[in-house]
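A.B. asks: One structure, pasted below without further comment.
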Amino acid sequence: MEGVPDDFALIEDRLNHYVDAGCDLVFTTGGTGLTPDDITPEATRAVLDREAPGFAEAMRAEAARHTPMGILSRGISGISGRTLIVNFPGSPKAIDELFGVLAPTLGHVVRTLRGDSRHDGFR
Amino acid sequence: MEGVPDDFALIEDRLNHYVDAGCDLVFTTGGTGLTPDDITPEATRAVLDREAPGFAEAMRAEAARHTPMGILSRGISGISGRTLIVNFPGSPKAIDELFGVLAPTLGHVVRTLRGDSRHDGFR
Amino acid sequence: MEGVPDDFALIEDRLNHYVDAGCDLVFTTGGTGLTPDDITPEATRAVLDREAPGFAEAMRAEAARHTPMGILSRGISGISGRTLIVNFPGSPKAIDELFGVLAPTLGHVVRTLRGDSRHDGFR
């Protein structure tokens with residue numbers, strides 16, 4: 001866990017650090033809203049090689065089942081090197097609600113990113 | 001309310017006008033389909049600083065509950081300066097059905113864009 | 001039907017071939033996952049003039065109703081010239097489940113791409 005201010009270059013730098021360090025999964029929290037300093041999605045996009053929009057879409061759909069405000073999160077998700085990066089909103093309550101959307105996939109995601117190339121039909 | 005033809009530069013110009021004028025919310029209607037002259041999403045993207053995809057995603061999901069054709073709208077949503085821009089499809093019936101998805105968020109959106117920085121958990 | 005290896009330039013070339021040949025609809029299968037050789041969405045994006053994200057979004061939402069792994073597909077959808085291109089995942093079972101999302105729209109899509117400009121409210 002590391003706290004980083006709403007600074008584009010700093011977020012980009014820290015994300016690249018964790019990608020270079022070989023982390024399988026990097027989850028960010030916060031900085032996904034509508035205020036001018038909410039630039040986590042943009043800094044994340046700068047680091048991604050390939051977007052994987054299904055995580056962000058499914059999290060917003062789940063959030064919207066809890067509150068109409070769930071559509072406000074601008075989070076994105078994708079792959080840089082062999083690391084999956086996913087932007088969560090900042091609220092601990094929302095993180096709790098949304099983590100369950102990803103949880104069942106993460107074992108498979110990590111095996112895939114590490115190079116276990118058995119096809120599972122959702123490639 | 002202003003009518004604008006399906007002209008990329010003209011749509012871009014009028015959107016920039018409303019952003020520069022300090023409008024909180026700009027809703028476009030039409031021009032989001034599959035024909036060659038449907039270029040409202042592309043002209044909108046040219047004006048946006050940051051995408052806010054949750055509005056467009058939730059509107060398509062809601063539209064698809066009414067008709068399978070709901071997935072055809074290519075509308076996008078995002079922020080330019082301190083203005084939220086959302087592309088609606090052209091049908092008055094669809095606009096009625098979809099406005100309810102956004103309505104509960106708009107008070108909060110406007111307060112956020114105007115700089116009321118109280119965190120609400122969906123930043 | 002044509003088999004193409006996971007080669008960016010080759011996929012791009014074959015997609016452009018079918019667009020230039022005037023195909024109404026091009027469906028790809030596979031190459032939409034998280035492994036380094038899954039680059040079908042990126043090669044597709046290189047060919048598209050305009051994204052039509054509703055197909056890909058609705059397919060992922062439907063896939064997620066069948067399995068949490070449904071969110072892993074990175075497929076995109078959009079228009080190149082007068083051709084709609086949609087990325088399906090590689091599993092025959094998933095293709096069966098997801099084709100139904102698109103099927104009711106395809107007659108209208110083809111008429112629209114061919115220039116039947118009657119408005120239907122979802123432009």
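We label chains A, B, ... in the order they appear in the structure tokens, count residues from 1 in each chain, and number ligands from 1 in the order shown.
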With a distance threshold of 12 Å and counting only C-alpha atoms, extract the residues of chain B near chain A and express them as a PyMOL selection string.

C.D. replies: chain B and resi 49-62+77-85+100-123

A.B. asks: Where in region 62-108 of chain A does DSSP assign helix (DSSP H, G or I), given as an mmCIF file with N, CA, C and O atoms, in the first residue's frame?

C.D. replies:
data_model
loop_
_atom_site.group_PDB
_atom_site.id
_atom_site.type_symbol
_atom_site.label_atom_id
_atom_site.label_comp_id
_atom_site.auth_asym_id
_atom_site.auth_seq_id
_atom_site.Cartn_x
_atom_site.Cartn_y
_atom_site.Cartn_z
ATOM 1 N N GLU A 62 -21.920 -2.674 -11.376
ATOM 2 C CA GLU A 62 -22.199 -3.132 -10.015
ATOM 3 C C GLU A 62 -22.419 -1.933 -9.087
ATOM 4 O O GLU A 62 -23.350 -1.917 -8.279
ATOM 5 N N ALA A 63 -21.577 -0.910 -9.215
ATOM 6 C CA ALA A 63 -21.729 0.281 -8.380
ATOM 7 C C ALA A 63 -23.096 0.918 -8.587
ATOM 8 O O ALA A 63 -23.734 1.388 -7.633
ATOM 9 N N ALA A 64 -23.569 0.918 -9.835
ATOM 10 C CA ALA A 64 -24.854 1.537 -10.144
ATOM 11 C C ALA A 64 -26.020 0.759 -9.547
ATOM 12 O O ALA A 64 -27.115 1.305 -9.380
ATOM 13 N N ARG A 65 -25.787 -0.535 -9.227
ATOM 14 C CA ARG A 65 -26.838 -1.309 -8.537
ATOM 15 C C ARG A 65 -26.976 -0.850 -7.091
ATOM 16 O O ARG A 65 -28.021 -1.024 -6.480
ATOM 17 N N HIS A 66 -25.914 -0.245 -6.538
ATOM 18 C CA HIS A 66 -25.941 0.220 -5.145
ATOM 19 C C HIS A 66 -26.397 1.669 -5.046
ATOM 20 O O HIS A 66 -27.064 2.047 -4.097
ATOM 21 N N PRO A 68 -27.172 5.403 -7.777
ATOM 22 C CA PRO A 68 -27.062 6.041 -9.099
ATOM 23 C C PRO A 68 -25.726 6.741 -9.295
ATOM 24 O O PRO A 68 -25.280 6.922 -10.423
ATOM 25 N N MET A 69 -25.075 7.127 -8.180
ATOM 26 C CA MET A 69 -23.781 7.811 -8.276
ATOM 27 C C MET A 69 -22.669 6.892 -8.788
ATOM 28 O O MET A 69 -21.580 7.357 -9.120
ATOM 29 N N GLY A 70 -22.945 5.605 -8.836
ATOM 30 C CA GLY A 70 -21.926 4.650 -9.276
ATOM 31 C C GLY A 70 -21.420 4.909 -10.682
ATOM 32 O O GLY A 70 -20.296 4.515 -11.023
ATOM 33 N N ILE A 71 -22.223 5.594 -11.503
ATOM 34 C CA ILE A 71 -21.794 5.853 -12.882
ATOM 35 C C ILE A 71 -20.744 6.948 -12.962
ATOM 36 O O ILE A 71 -20.157 7.168 -14.019
ATOM 37 N N LEU A 72 -20.483 7.634 -11.854
ATOM 38 C CA LEU A 72 -19.562 8.787 -11.903
ATOM 39 C C LEU A 72 -18.095 8.386 -11.929
ATOM 40 O O LEU A 72 -17.243 9.185 -12.331
ATOM 41 N N PRO A 92 -14.052 3.400 0.831
ATOM 42 C CA PRO A 92 -13.903 2.020 1.317
ATOM 43 C C PRO A 92 -15.166 1.190 1.105
ATOM 44 O O PRO A 92 -15.093 0.016 0.730
ATOM 45 N N LYS A 93 -16.334 1.792 1.305
ATOM 46 C CA LYS A 93 -17.589 1.064 1.100
ATOM 47 C C LYS A 93 -17.710 0.607 -0.365
ATOM 48 O O LYS A 93 -18.059 -0.542 -0.646
ATOM 49 N N ALA A 94 -17.403 1.517 -1.290
ATOM 50 C CA ALA A 94 -17.498 1.157 -2.710
ATOM 51 C C ALA A 94 -16.472 0.077 -3.061
ATOM 52 O O ALA A 94 -16.769 -0.852 -3.819
ATOM 53 N N ILE A 95 -15.274 0.177 -2.500
ATOM 54 C CA ILE A 95 -14.250 -0.833 -2.783
ATOM 55 C C ILE A 95 -14.739 -2.206 -2.332
ATOM 56 O O ILE A 95 -14.608 -3.193 -3.055
ATOM 57 N N ASP A 96 -15.313 -2.259 -1.133
ATOM 58 C CA ASP A 96 -15.869 -3.527 -0.647
ATOM 59 C C ASP A 96 -16.907 -4.083 -1.622
ATOM 60 O O ASP A 96 -16.900 -5.275 -1.949
ATOM 61 N N GLU A 97 -17.800 -3.214 -2.083
ATOM 62 C CA GLU A 97 -18.871 -3.671 -2.969
ATOM 63 C C GLU A 97 -18.324 -4.154 -4.315
ATOM 64 O O GLU A 97 -18.863 -5.072 -4.920
ATOM 65 N N LEU A 98 -17.262 -3.504 -4.792
ATOM 66 C CA LEU A 98 -16.802 -3.759 -6.154
ATOM 67 C C LEU A 98 -15.754 -4.857 -6.248
ATOM 68 O O LEU A 98 -15.590 -5.467 -7.306
ATOM 69 N N PHE A 99 -15.041 -5.107 -5.154
ATOM 70 C CA PHE A 99 -13.966 -6.091 -5.248
ATOM 71 C C PHE A 99 -14.510 -7.469 -5.625
ATOM 72 O O PHE A 99 -13.855 -8.246 -6.335
ATOM 73 N N GLY A 100 -15.729 -7.755 -5.183
ATOM 74 C CA GLY A 100 -16.334 -9.050 -5.498
ATOM 75 C C GLY A 100 -16.531 -9.300 -6.981
ATOM 76 O O GLY A 100 -16.619 -10.451 -7.420
ATOM 77 N N VAL A 101 -16.613 -8.232 -7.763
ATOM 78 C CA VAL A 101 -16.756 -8.390 -9.217
ATOM 79 C C VAL A 101 -15.485 -8.989 -9.817
ATOM 80 O O VAL A 101 -15.537 -9.826 -10.721
ATOM 81 N N LEU A 102 -14.342 -8.542 -9.297
ATOM 82 C CA LEU A 102 -13.057 -8.992 -9.827
ATOM 83 C C LEU A 102 -12.581 -10.298 -9.202
ATOM 84 O O LEU A 102 -11.908 -11.099 -9.872
ATOM 85 N N ALA A 103 -12.889 -10.472 -7.920
ATOM 86 C CA ALA A 103 -12.255 -11.545 -7.139
ATOM 87 C C ALA A 103 -12.264 -12.903 -7.836
ATOM 88 O O ALA A 103 -11.230 -13.578 -7.885
ATOM 89 N N PRO A 104 -13.414 -13.323 -8.421
ATOM 90 C CA PRO A 104 -13.430 -14.678 -8.990
ATOM 91 C C PRO A 104 -12.514 -14.840 -10.202
ATOM 92 O O PRO A 104 -12.241 -15.962 -10.616
ATOM 93 N N THR A 105 -12.067 -13.724 -10.770
ATOM 94 C CA THR A 105 -11.242 -13.810 -11.979
ATOM 95 C C THR A 105 -9.750 -13.743 -11.684
ATOM 96 O O THR A 105 -8.937 -14.049 -12.564
ATOM 97 N N LEU A 106 -9.368 -13.326 -10.477
ATOM 98 C CA LEU A 106 -7.978 -12.920 -10.268
ATOM 99 C C LEU A 106 -6.986 -14.085 -10.313
ATOM 100 O O LEU A 106 -5.861 -13.925 -10.783
ATOM 101 N N GLY A 107 -7.401 -15.261 -9.832
ATOM 102 C CA GLY A 107 -6.504 -16.414 -9.921
ATOM 103 C C GLY A 107 -6.177 -16.705 -11.382
ATOM 104 O O GLY A 107 -5.007 -16.875 -11.755
ATOM 105 N N HIS A 108 -7.213 -16.722 -12.194
ATOM 106 C CA HIS A 108 -7.002 -16.966 -13.622
ATOM 107 C C HIS A 108 -6.186 -15.846 -14.268
ATOM 108 O O HIS A 108 -5.310 -16.106 -15.103
#

A.B. asks: Just how far from CA of Asn87 (chain C) is CA of Val26 (chain C), in Å to one decimal?

C.D. replies: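 Here the two named atoms are 8.6 Å from each other.
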
A.B. asks: I'd like to know which residues of region 57-118 of chain B are strand (DSSP E or B) (by DSSP, run on the backbone); could you write them as a list in words?

C.D. replies: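 Strand (DSSP E or B) assignments inside region 57-118 of chain B correspond to Ser77, Gly78, Ile79, Ser80, Thr83, Leu84, Ile85, Val86, Asn87 and Phe88 of chain B.
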
A.B. asks: Just the residues within 10 Å of Asn16 (chain A), please, counting only C-alpha atoms, with nothing from its chain fewer than 3 positions along; format it as a ChimeraX atom specification.

C.D. replies: /A:10-13,19-22,44,46-48,80-81,83

A.B. asks: How many Å separate CA of Asp6 (chain A) from CA of Val86 (chain A)?

C.D. replies: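 Between these atoms lies a distance of 16.4 Å.
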
A.B. asks: Just how far from CA of Thr28 (chain B) is CA of Ala43 (chain B), in Å to one decimal?

C.D. replies: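 Between CA of Ala43 (chain B) and CA of Thr28 (chain B) the gap is 11.0 Å.
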